[in-house]
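Source file: input_34.txt. Holds: compact mmCIF, C-alpha atoms and all ligand atoms.
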```txt
# COMPACT_ATOMS: atom_id res chain seq x y z
CA MET C 256 -26.39 11.75 -4.41
CA LYS C 257 -24.46 13.81 -1.85
CA ALA C 258 -22.92 16.99 -3.27
CA ILE C 259 -21.40 20.30 -2.35
CA ARG C 260 -23.47 23.13 -3.80
CA LEU C 261 -23.74 26.91 -3.76
CA HIS C 262 -27.23 28.40 -4.22
CA ALA C 263 -25.91 31.97 -4.53
CA ARG C 264 -22.68 33.60 -5.63
CA GLY C 265 -20.23 34.05 -2.82
CA GLY C 266 -17.42 32.44 -0.93
CA PRO C 267 -17.08 29.35 1.27
CA GLU C 268 -19.91 30.62 3.50
CA GLN C 269 -22.34 29.74 0.65
CA ILE C 270 -21.23 26.11 0.51
CA VAL C 271 -23.78 23.49 1.59
CA TYR C 272 -23.40 19.72 1.78
CA GLU C 273 -26.71 18.24 0.68
CA ASP C 274 -28.63 15.84 -1.56
CA ALA C 275 -28.68 16.73 -5.26
CA PRO C 276 -29.98 14.97 -8.36
CA ARG C 277 -27.56 12.51 -9.94
CA PRO C 278 -26.60 13.86 -13.41
CA ALA C 279 -27.25 11.87 -16.59
CA PRO C 280 -24.51 11.69 -19.22
CA ALA C 281 -25.44 13.41 -22.50
CA ALA C 282 -24.09 12.33 -25.90
CA GLY C 283 -20.29 12.26 -25.82
CA GLU C 284 -20.19 12.23 -22.00
CA ALA C 285 -19.31 9.75 -19.26
CA LEU C 286 -20.95 9.56 -15.86
CA LEU C 287 -18.22 9.09 -13.25
CA ARG C 288 -18.48 7.80 -9.73
CA VAL C 289 -16.21 10.39 -8.16
CA HIS C 290 -13.53 9.07 -5.81
CA ALA C 291 -11.71 12.37 -5.26
CA ALA C 292 -12.16 15.99 -6.34
CA GLY C 293 -9.48 18.66 -6.51
CA ILE C 294 -10.50 22.22 -5.66
CA THR C 295 -9.05 25.54 -6.77
CA PRO C 296 -9.59 28.00 -3.92
CA THR C 297 -10.28 30.95 -6.27
CA GLU C 298 -12.90 29.13 -8.37
CA LEU C 299 -15.81 30.50 -6.33
CA THR C 300 -14.97 33.96 -7.75
CA TRP C 301 -14.95 32.85 -11.41
CA THR C 302 -17.85 33.94 -13.65
CA GLU C 303 -17.96 30.48 -15.28
CA THR C 304 -18.73 28.88 -11.90
CA TYR C 305 -22.19 30.47 -12.13
CA ARG C 306 -22.76 30.38 -15.92
CA THR C 307 -23.73 27.87 -18.60
CA PRO C 308 -21.53 27.64 -21.73
CA ASP C 309 -24.00 29.96 -23.53
CA GLY C 310 -23.84 32.57 -20.74
CA ARG C 311 -27.06 31.90 -18.79
CA GLU C 312 -27.06 31.88 -14.97
CA ARG C 313 -26.31 28.44 -13.49
CA LEU C 314 -27.42 28.00 -9.87
CA PRO C 315 -27.15 25.95 -7.79
CA THR C 316 -23.59 25.17 -8.85
CA ILE C 317 -21.24 22.34 -7.88
CA PRO C 318 -17.54 23.32 -7.64
CA GLY C 319 -14.43 21.18 -8.27
CA HIS C 320 -12.85 20.86 -11.72
CA ASP C 321 -10.32 18.13 -11.02
CA VAL C 322 -11.71 14.64 -10.87
CA SER C 323 -10.44 11.14 -10.33
CA GLY C 324 -13.00 8.37 -10.42
CA VAL C 325 -14.47 5.35 -12.17
CA VAL C 326 -16.71 5.30 -15.25
CA GLU C 327 -20.24 4.30 -14.19
CA THR C 328 -22.17 4.67 -17.46
CA LEU C 329 -21.65 6.23 -20.88
CA GLY C 330 -23.79 8.59 -22.92
CA PRO C 331 -24.49 7.86 -26.60
CA GLY C 332 -21.53 7.96 -28.96
CA VAL C 333 -18.71 7.21 -26.51
CA SER C 334 -16.62 4.27 -27.65
CA ASP C 335 -13.20 5.04 -26.15
CA LEU C 336 -14.07 4.51 -22.46
CA SER C 337 -15.60 1.55 -20.65
CA PRO C 338 -17.65 1.21 -17.46
CA GLY C 339 -15.35 0.32 -14.57
CA GLU C 340 -12.35 2.17 -16.04
CA ALA C 341 -10.41 4.44 -13.65
CA VAL C 342 -9.97 7.88 -15.20
CA TYR C 343 -8.91 11.41 -14.30
CA GLY C 344 -9.54 14.74 -15.98
CA LEU C 345 -10.23 18.45 -16.03
CA ILE C 346 -13.94 19.30 -16.09
CA ALA C 347 -14.84 22.35 -18.21
CA PHE C 348 -15.48 25.44 -16.06
CA PRO C 349 -19.04 26.44 -17.07
CA ARG C 350 -20.58 23.15 -15.85
CA ASP C 351 -21.09 21.31 -12.59
CA GLY C 352 -17.91 19.96 -11.07
CA SER C 353 -16.66 17.00 -9.13
CA ALA C 354 -17.47 17.89 -5.50
CA ALA C 355 -20.25 15.29 -5.57
CA GLU C 356 -20.69 11.52 -5.64
CA TYR C 357 -21.28 11.56 -9.42
CA VAL C 358 -20.36 13.93 -12.25
CA ALA C 359 -21.02 13.93 -16.00
CA VAL C 360 -17.88 14.83 -17.98
CA LYS C 361 -17.08 15.14 -21.69
CA ALA C 362 -15.42 11.83 -22.49
CA ALA C 363 -12.76 13.58 -24.58
CA ASP C 364 -11.59 15.46 -21.46
CA LEU C 365 -10.77 12.23 -19.57
CA ALA C 366 -7.70 10.02 -19.67
CA PRO C 367 -6.70 6.81 -17.86
CA LYS C 368 -5.71 7.59 -14.26
CA PRO C 369 -1.95 7.33 -13.58
CA ARG C 370 -1.45 3.77 -12.32
CA ALA C 371 1.08 4.86 -9.69
CA LEU C 372 -1.40 7.13 -7.90
CA ASP C 373 -4.41 6.60 -5.69
CA HIS C 374 -7.49 8.67 -6.55
CA ALA C 375 -6.72 11.45 -4.04
CA HIS C 376 -3.30 12.06 -5.59
CA ALA C 377 -4.66 11.71 -9.14
CA ALA C 378 -7.28 14.39 -8.39
CA ALA C 379 -4.46 16.81 -7.56
CA VAL C 380 -3.09 16.59 -11.10
CA PRO C 381 -5.29 17.69 -14.03
CA LEU C 382 -5.93 21.43 -13.66
CA SER C 383 -2.54 22.29 -12.17
CA ALA C 384 -0.44 20.06 -14.39
CA LEU C 385 -2.28 21.03 -17.59
CA THR C 386 -1.94 24.74 -16.71
CA ALA C 387 1.78 24.34 -16.08
CA TRP C 388 2.23 22.25 -19.25
CA GLN C 389 0.33 24.67 -21.50
CA ALA C 390 2.10 27.70 -19.98
CA LEU C 391 5.60 26.29 -20.38
CA PHE C 392 5.36 24.40 -23.65
CA ASP C 393 2.37 25.72 -25.64
CA HIS C 394 2.64 29.42 -24.73
CA ALA C 395 6.28 30.05 -23.72
CA GLY C 396 7.92 27.37 -25.90
CA LEU C 397 10.39 26.66 -23.07
CA GLY C 398 13.49 24.83 -24.26
CA ALA C 399 16.51 23.07 -22.75
CA GLY C 400 19.13 25.43 -21.35
CA GLN C 401 16.71 28.37 -21.00
CA ARG C 402 16.32 30.26 -17.75
CA ILE C 403 12.86 30.50 -16.18
CA LEU C 404 11.50 32.31 -13.12
CA ILE C 405 8.37 30.74 -11.59
CA HIS C 406 6.29 32.84 -9.18
CA GLY C 407 4.14 31.10 -6.57
CA ALA C 408 6.26 28.02 -7.15
CA ALA C 409 4.99 26.07 -4.13
CA GLY C 410 1.32 26.35 -5.18
CA GLY C 411 -0.75 23.93 -7.22
CA VAL C 412 0.40 25.19 -10.63
CA GLY C 413 3.88 26.23 -9.50
CA ALA C 414 4.90 22.85 -8.07
CA PHE C 415 4.15 21.14 -11.40
CA ALA C 416 5.80 23.95 -13.37
CA VAL C 417 9.06 23.60 -11.43
CA GLN C 418 9.21 19.85 -12.11
CA LEU C 419 8.23 20.08 -15.79
CA ALA C 420 10.64 22.95 -16.50
CA ARG C 421 13.52 21.12 -14.82
CA ARG C 422 12.74 17.95 -16.72
CA ARG C 423 12.79 19.93 -19.97
CA GLY C 424 16.35 20.94 -19.07
CA ALA C 425 15.65 24.57 -18.12
CA GLN C 426 17.34 26.36 -15.21
CA VAL C 427 14.65 27.15 -12.67
CA ALA C 428 14.47 30.06 -10.22
CA ALA C 429 11.40 30.13 -7.97
CA THR C 430 9.69 32.62 -5.67
CA ALA C 431 8.00 31.35 -2.51
CA SER C 432 8.09 32.00 1.20
CA ALA C 433 11.16 30.57 2.93
CA ARG C 434 9.48 27.54 4.47
CA HIS C 435 8.99 26.09 0.95
CA HIS C 436 12.59 26.51 -0.22
CA ASP C 437 13.99 23.05 0.61
CA PHE C 438 10.91 21.48 -0.94
CA LEU C 439 11.35 23.53 -4.14
CA ARG C 440 15.00 22.51 -4.44
CA GLU C 441 13.88 18.87 -4.11
CA LEU C 442 11.48 19.46 -7.02
CA GLY C 443 14.31 20.85 -9.15
CA ALA C 444 14.61 24.59 -8.53
CA GLU C 445 18.22 25.80 -8.58
CA ALA C 446 17.44 29.10 -6.86
CA ALA C 447 14.67 29.87 -4.40
CA ILE C 448 13.86 33.50 -3.60
CA ASP C 449 11.91 34.52 -0.51
CA TYR C 450 9.51 37.15 -1.85
CA ARG C 451 8.99 38.52 1.65
CA THR C 452 12.62 39.55 2.12
CA THR C 453 14.09 39.85 -1.40
CA ARG C 454 12.92 41.74 -4.48
CA PHE C 455 13.42 39.18 -7.24
CA GLU C 456 14.22 41.89 -9.81
CA GLU C 457 17.27 42.84 -7.73
CA VAL C 458 18.82 39.37 -7.89
CA LEU C 459 17.83 38.11 -11.35
CA ARG C 460 18.11 39.42 -14.89
CA ASP C 461 17.98 38.24 -18.51
CA VAL C 462 15.70 35.29 -17.90
CA ASP C 463 14.03 33.79 -20.97
CA VAL C 464 10.64 33.04 -19.45
CA VAL C 465 8.64 34.17 -16.42
CA LEU C 466 5.64 32.09 -15.31
CA ASP C 467 3.45 34.18 -13.02
CA THR C 468 0.80 32.51 -10.83
CA VAL C 469 0.52 35.46 -8.43
CA GLY C 470 -0.45 38.58 -10.44
CA GLY C 471 -0.55 42.21 -9.24
CA ASP C 472 2.71 43.80 -8.30
CA THR C 473 4.56 40.51 -8.90
CA LEU C 474 3.46 40.52 -12.55
CA GLU C 475 4.27 44.24 -12.98
CA ARG C 476 7.82 43.89 -11.63
CA SER C 477 8.51 40.80 -13.72
CA TRP C 478 9.28 42.69 -16.93
CA ARG C 479 12.53 43.87 -15.35
CA VAL C 480 13.99 40.38 -15.11
CA LEU C 481 13.16 39.31 -18.68
CA ARG C 482 15.69 39.49 -21.49
CA ARG C 483 14.57 41.41 -24.58
CA GLY C 484 12.54 38.99 -26.67
CA GLY C 485 11.67 36.93 -23.60
CA THR C 486 8.16 35.75 -22.66
CA LEU C 487 6.02 36.44 -19.62
CA VAL C 488 3.11 34.04 -19.17
CA SER C 489 0.59 34.80 -16.45
CA VAL C 490 -2.24 32.53 -15.39
CA ALA C 491 -3.26 34.89 -12.57
CA ALA C 492 -4.11 38.14 -14.39
CA PRO C 493 -4.38 39.62 -17.89
CA VAL C 494 -1.07 40.92 -19.20
CA PRO C 495 -1.20 44.55 -20.46
CA PRO C 496 0.05 44.57 -24.10
CA GLU C 497 1.67 48.01 -23.69
CA ALA C 498 3.80 46.75 -20.78
CA ALA C 499 5.04 43.87 -22.96
CA ARG C 500 5.80 46.24 -25.82
CA ASP C 501 7.74 48.62 -23.55
CA ALA C 502 9.80 45.70 -22.25
CA GLY C 503 10.49 44.40 -25.76
CA ALA C 504 9.00 41.09 -24.64
CA ARG C 505 5.99 38.88 -25.29
CA GLY C 506 3.16 38.79 -22.76
CA VAL C 507 0.55 36.01 -22.60
CA PHE C 508 -2.46 35.36 -20.40
CA PHE C 509 -4.49 32.22 -21.07
CA ILE C 510 -7.11 29.95 -19.55
CA VAL C 511 -6.21 26.27 -19.31
CA GLU C 512 -8.04 23.88 -21.65
CA PRO C 513 -8.83 20.23 -21.10
CA SER C 514 -6.59 17.91 -23.13
CA ARG C 515 -6.67 14.13 -23.10
CA ALA C 516 -3.41 13.92 -25.06
CA GLN C 517 -1.55 16.04 -22.51
CA LEU C 518 -3.09 14.12 -19.58
CA VAL C 519 -1.86 10.87 -21.14
CA GLU C 520 1.66 12.30 -21.41
CA ILE C 521 1.52 13.67 -17.84
CA ALA C 522 0.34 10.26 -16.54
CA ARG C 523 3.26 8.65 -18.33
CA LEU C 524 5.71 11.00 -16.58
CA ILE C 525 4.05 10.33 -13.22
CA ASP C 526 4.12 6.56 -13.69
CA ALA C 527 7.81 6.82 -14.67
CA GLY C 528 8.49 8.66 -11.40
CA GLU C 529 9.62 11.83 -13.19
CA VAL C 530 6.87 14.14 -11.91
CA ARG C 531 4.70 13.92 -8.83
CA PRO C 532 1.62 15.69 -7.48
CA VAL C 533 1.90 17.62 -4.22
CA LEU C 534 -0.96 17.52 -1.72
CA GLU C 535 -1.49 20.17 0.92
CA ALA C 536 -4.43 18.27 2.44
CA VAL C 537 -7.12 15.66 1.82
CA LEU C 538 -10.47 16.34 3.49
CA PRO C 539 -13.81 14.49 3.29
CA LEU C 540 -16.45 15.92 0.92
CA ALA C 541 -18.59 17.05 3.85
CA ARG C 542 -15.75 19.37 4.96
CA ALA C 543 -15.54 21.24 1.63
CA ARG C 544 -16.20 24.61 3.22
CA GLU C 545 -13.14 24.17 5.44
CA ALA C 546 -11.12 23.06 2.39
CA PHE C 547 -11.95 26.28 0.52
CA GLU C 548 -11.30 28.43 3.60
CA ARG C 549 -7.92 26.82 4.05
CA GLY C 550 -7.02 27.38 0.39
CA LEU C 551 -8.14 30.99 0.43
CA ALA C 552 -6.06 31.68 3.53
CA GLY C 553 -3.09 31.22 1.14
CA HIS C 554 0.40 29.82 1.50
CA VAL C 555 -0.59 26.27 0.56
CA ARG C 556 1.89 23.74 -0.74
CA GLY C 557 0.28 22.00 -3.73
CA LYS C 558 -3.40 21.08 -3.93
CA ILE C 559 -6.28 20.54 -1.55
CA VAL C 560 -8.38 17.49 -2.44
CA LEU C 561 -11.81 16.29 -1.29
CA GLN C 562 -12.08 12.54 -0.71
CA VAL C 563 -15.52 11.45 -1.92
CA GLN C 564 -15.34 7.64 -1.72
CA GLU C 565 -13.44 5.76 0.96
CA PRO C 566 -9.78 5.40 -0.16
CA GLU C 567 -9.27 2.21 -2.16
CA ALA C 568 -7.10 -0.56 -0.73
CA ARG C 569 -3.60 -0.41 -2.22
CA PRO C 570 -1.96 -3.62 -3.42
N1 LIG G 1 -5.53 30.89 -16.11
C1 LIG G 1 -5.70 29.62 -15.79
O1 LIG G 1 -6.05 28.78 -16.61
C2 LIG G 1 -5.44 29.19 -14.37
C3 LIG G 1 -5.32 27.83 -14.05
C4 LIG G 1 -5.01 27.47 -12.72
C5 LIG G 1 -4.87 28.46 -11.76
N2 LIG G 1 -5.04 29.77 -12.13
C6 LIG G 1 -4.86 30.87 -11.15
O2 LIG G 1 -3.48 30.86 -10.81
C7 LIG G 1 -3.33 31.30 -9.46
C8 LIG G 1 -2.50 30.27 -8.73
O3 LIG G 1 -3.23 29.06 -8.63
P1 LIG G 1 -2.69 27.86 -7.76
O4 LIG G 1 -3.78 26.85 -7.69
O5 LIG G 1 -1.35 27.45 -8.21
O6 LIG G 1 -2.58 28.65 -6.36
P2 LIG G 1 -2.24 28.14 -4.92
O7 LIG G 1 -2.14 26.66 -4.95
O8 LIG G 1 -3.21 28.82 -4.04
O9 LIG G 1 -0.76 28.69 -4.67
C9 LIG G 1 -0.38 29.98 -4.61
C10 LIG G 1 1.07 29.96 -4.06
O10 LIG G 1 1.64 31.23 -4.18
C11 LIG G 1 2.44 31.50 -3.03
N3 LIG G 1 2.50 32.97 -2.94
C12 LIG G 1 1.59 33.84 -2.42
N4 LIG G 1 2.00 35.11 -2.62
C13 LIG G 1 3.17 35.04 -3.30
C14 LIG G 1 4.09 36.02 -3.82
N5 LIG G 1 3.87 37.33 -3.68
N6 LIG G 1 5.18 35.58 -4.48
C15 LIG G 1 5.42 34.26 -4.66
N7 LIG G 1 4.60 33.29 -4.17
C16 LIG G 1 3.49 33.69 -3.51
C17 LIG G 1 1.73 30.78 -1.90
O11 LIG G 1 2.56 30.29 -0.84
P3 LIG G 1 3.68 31.07 -0.02
O12 LIG G 1 3.15 32.47 0.11
O13 LIG G 1 3.78 30.38 1.31
O14 LIG G 1 4.94 30.94 -0.83
C18 LIG G 1 1.17 29.54 -2.61
O15 LIG G 1 2.08 28.44 -2.51
C19 LIG G 1 -4.73 31.52 -8.93
O16 LIG G 1 -5.05 32.88 -9.07
C20 LIG G 1 -5.60 30.69 -9.86
O17 LIG G 1 -6.91 31.20 -9.97
C21 LIG G 1 -5.33 30.15 -13.39
```
Would you write out, as structure tokens, the structure that this file holds?
Amino acid sequence: MKAIRLHARGGPEQIVYEDAPRPAPAAGEALLRVHAAGITPTELTWTETYRTPDGRERLPTIPGHDVSGVVETLGPGVSDLSPGEAVYGLIAFPRDGSAAEYVAVKAADLAPKPRALDHAHAAAVPLSALTAWQALFDHAGLGAGQRILIHGAAGGVGAFAVQLARRRGAQVAATASARHHDFLRELGAEAAIDYRTTRFEEVLRDVDVVLDTVGGDTLERSWRVLRRGGTLVSVAAPVPPEAARDAGARGVFFIVEPSRAQLVEIARLIDAGEVRPVLEAVLPLARAREAFERGLAGHVRGKIVLQVQEPEARP
């Protein structure tokens, strides 16, 4: 099969488009014919990209943890999927990903693809939407009427977080560069703050929840806008416990986990037209290096997706 692989740790310069062995599904796994793969620009820096689940080195490695495709065959013990079924999912980090014509995925990590989306749009959903969902609802316990500040709101995670928070009935403030502000208001943000010209802590206070997808100085300054007893969730960097204590707030850093149940619920919201994925670009698999370079240059709006099979005809 054709695949994108890295034979050494590094950045996009290590990416090669080449022939690789087609994986075989183990017990509990499905082999998917990949139609589209979502990339996360930073994934080439993650330890898990080059490790097996038990910590051994894993090279060459295939990136891409978002997948949308069709079940080709099933490993032993899988009874809840069928060959020919269109599915989407988040592939666990310490294993080969979806930037290839085929990928083996734990069946439990897959859910039926949203019917309203083609594969390219479906591949923009799992990692970003699950991260936003788990941050807002599992870790911050966001409720109706609460005030939330979302940093990096135009990015892959941020764009889902704005929509999900608004739908929950929260009041959403968002940081992003100015060119994204109209778009963020369309998604449901009530206030958009240009982080290049305005210090958010000078215009906001007493928010219930901060969702940080940026890290660094943005995370450090976020304590000042939280009410006492509020929650800061970061997906970009570990949250120092002493900073949370000093602010009288709760601080959480977590790594997203695959969840079929949450993907089913997210697909339901997408099919009902309540939430939508945002695509910065769709590029062919062979141009994966360019896709990563574009993502790492920053300032994207939503996700970058690799098209692996020709787009399907739409009814
Ligand atoms: N822990 C986890 O499980 C998990 C899961 C998913 C992602 N992540 C991490 O979360 C981070 C974000 O991922 P992503 O895929 O959403 O990123 P992304 O799609 O690359 O988006 C980042 C966004 O942040 C904006 N931005 C840059 N600097 C900013 C600043 N100082 N203030 C506000 N916005 C700023 C960028 O556009 P503008 O500058 O034009 O506004 C861009 O829209 C990455 O570090 C990723 O590795 C972690």
Nearest-residue call for ligand LIG 1 (chain G), choices C:Ala379, C:Ala409, C:Val462, C:Ala399, using only C-alpha atoms and all ligand atoms: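 Under the stated criterion, the closest residue is C:Ala409.
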Which polymer residues, protein or nucleic acid, are no farther than 9 Å from (-2.1, 27.4, -6.2), counting all atoms listed in the file, as a count of residues only? 21
I'd like to know which of C:Pro280, C:Pro566, C:Pro532, C:Pro495 is closest to ligand LIG 1 (chain G), using all atoms listed in the file. C:Pro532
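Of the residues listed (C:Thr316, C:Gln269, C:Gln418, C:Gln426), C:Gln418 shows the shortest atom-to-atom separation from C:Trp388; distances use all atoms listed in the file.
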Need the shell around C:Val488: protein/DNA/RNA residues with any atom at most 9 Å away, counting all atoms listed in the file. Skip same-chain ones fewer than 3 positions apart. Format as a CSV table (one decimal) with C-alpha atoms, keeping the file's coordinate frame?
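The resulting result_17.csv:
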```csv
chain,number,residue,atom,x,y,z
C,390,ALA,CA,2.1,27.7,-20.0
C,391,LEU,CA,5.6,26.3,-20.4
C,394,HIS,CA,2.6,29.4,-24.7
C,395,ALA,CA,6.3,30.0,-23.7
C,464,VAL,CA,10.6,33.0,-19.4
C,465,VAL,CA,8.6,34.2,-16.4
C,466,LEU,CA,5.6,32.1,-15.3
C,467,ASP,CA,3.4,34.2,-13.0
C,468,THR,CA,0.8,32.5,-10.8
C,494,VAL,CA,-1.1,40.9,-19.2
C,505,ARG,CA,6.0,38.9,-25.3
C,506,GLY,CA,3.2,38.8,-22.8
C,507,VAL,CA,0.6,36.0,-22.6
C,508,PHE,CA,-2.5,35.4,-20.4
C,509,PHE,CA,-4.5,32.2,-21.1
```
C:Gly319, C:Gly471, C:Gly265, C:Gly484 ranked by distance to ligand LIG 1 (chain G), top pick (using all atoms listed in the file):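 Among the listed residues, C:Gly471 lies closest to ligand LIG 1 (chain G).
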Show me, as lines of an AutoDock Vina configuration file, the centre and edge lengths in Å to one decimal of the axis-aligned box that covers every listed atom of stretch 275-281 of chain C with 8 Å on each side.
```
center_x = -27.2
center_y = 14.2
center_z = -13.9
size_x = 21.5
size_y = 21.0
size_z = 33.2
```
Residues within 10 Å of C:Glu441, only C-alpha atoms, excluding chain neighbours under 4 positions, as a list in words: Val417, Gln418, His436, Asp437 and Glu445 of chain C
From C:Glu548, C:Asp364, C:Asp274, C:Asp501, residue lying nearest ligand LIG 1 (chain G) [all atoms listed in the file]: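 The closest residue to ligand LIG 1 (chain G) is C:Glu548.
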Nearest to C:Gly310, chosen from C:Ala341, C:Glu284, C:Leu534, C:Arg350, with only C-alpha atoms counted in the distances: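 Closest candidate: C:Arg350.
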Straight-line distance linking atom CA of C:Ala502 with atom N1 of ligand LIG 1 (chain G), stated in Å to one decimal: 22.2 Å
Residues within 7 Å of C:Leu518, only C-alpha atoms, excluding chain neighbours under 4 positions, as an MDAnalysis selection string: chainID C and resid 366 381 514 522
Counting all atoms listed in the file, note down every residue that has an atom within 6 Å of the point (-17.9, 6.5, -15.0) (file coordinates), as an mmCIF file with C-alpha atoms, keeping the file's coordinate frame.
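And here's part_31.cif as it stands now:
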```cif
data_model
loop_
_atom_site.group_PDB
_atom_site.id
_atom_site.type_symbol
_atom_site.label_atom_id
_atom_site.label_comp_id
_atom_site.auth_asym_id
_atom_site.auth_seq_id
_atom_site.Cartn_x
_atom_site.Cartn_y
_atom_site.Cartn_z
ATOM 1 C CA ALA C 285 -19.310 9.750 -19.260
ATOM 2 C CA LEU C 286 -20.950 9.560 -15.860
ATOM 3 C CA LEU C 287 -18.220 9.090 -13.250
ATOM 4 C CA ARG C 288 -18.480 7.800 -9.730
ATOM 5 C CA VAL C 325 -14.470 5.350 -12.170
ATOM 6 C CA VAL C 326 -16.710 5.300 -15.250
ATOM 7 C CA GLU C 327 -20.240 4.300 -14.190
ATOM 8 C CA THR C 328 -22.170 4.670 -17.460
ATOM 9 C CA PRO C 338 -17.650 1.210 -17.460
#
```
What is the atom CA of C:Lys361-atom CA of C:Arg313 distance in Å, reported with one decimal?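 Interatomic distance, atom CA of C:Lys361 to atom CA of C:Arg313: 18.1 Å.
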Could you pull stretch 387-398 of chain C out of the structure just shown and give N, CA, C and O atoms as a CSV table (one decimal), in the first residue's frame?
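Output (out_9.csv):
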```
chain,number,residue,atom,x,y,z
C,387,ALA,N,-12.3,18.6,22.6
C,387,ALA,CA,-13.1,19.7,23.0
C,387,ALA,C,-14.2,19.1,24.0
C,387,ALA,O,-14.5,19.7,25.0
C,388,TRP,N,-14.8,18.0,23.6
C,388,TRP,CA,-15.9,17.4,24.4
C,388,TRP,C,-15.4,17.0,25.8
C,388,TRP,O,-16.0,17.3,26.8
C,389,GLN,N,-14.3,16.3,25.8
C,389,GLN,CA,-13.7,15.8,27.1
C,389,GLN,C,-13.3,17.0,28.0
C,389,GLN,O,-13.5,17.0,29.2
C,390,ALA,N,-12.7,18.0,27.3
C,390,ALA,CA,-12.3,19.2,28.1
C,390,ALA,C,-13.5,19.9,28.7
C,390,ALA,O,-13.5,20.2,29.9
C,391,LEU,N,-14.5,20.2,27.9
C,391,LEU,CA,-15.6,21.0,28.4
C,391,LEU,C,-16.5,20.2,29.4
C,391,LEU,O,-16.9,20.7,30.4
C,392,PHE,N,-16.8,18.9,29.0
C,392,PHE,CA,-17.9,18.2,29.8
C,392,PHE,C,-17.3,17.3,30.8
C,392,PHE,O,-17.8,17.2,31.9
C,393,ASP,N,-16.2,16.5,30.4
C,393,ASP,CA,-15.7,15.5,31.4
C,393,ASP,C,-14.8,16.2,32.4
C,393,ASP,O,-14.8,15.8,33.6
C,394,HIS,N,-14.0,17.2,32.0
C,394,HIS,CA,-13.0,17.8,32.9
C,394,HIS,C,-13.4,19.1,33.5
C,394,HIS,O,-13.1,19.4,34.7
C,395,ALA,N,-14.1,20.0,32.8
C,395,ALA,CA,-14.5,21.3,33.3
C,395,ALA,C,-16.0,21.2,33.8
C,395,ALA,O,-16.4,22.1,34.6
C,396,GLY,N,-16.8,20.2,33.4
C,396,GLY,CA,-18.2,20.2,33.9
C,396,GLY,C,-18.9,21.4,33.5
C,396,GLY,O,-19.8,21.9,34.2
C,397,LEU,N,-18.7,21.9,32.3
C,397,LEU,CA,-19.3,23.2,31.8
C,397,LEU,C,-20.8,23.0,31.8
C,397,LEU,O,-21.4,22.1,31.3
C,398,GLY,N,-21.5,24.1,32.4
C,398,GLY,CA,-23.0,24.0,32.4
C,398,GLY,C,-23.6,25.2,31.8
C,398,GLY,O,-22.9,26.2,31.5
```
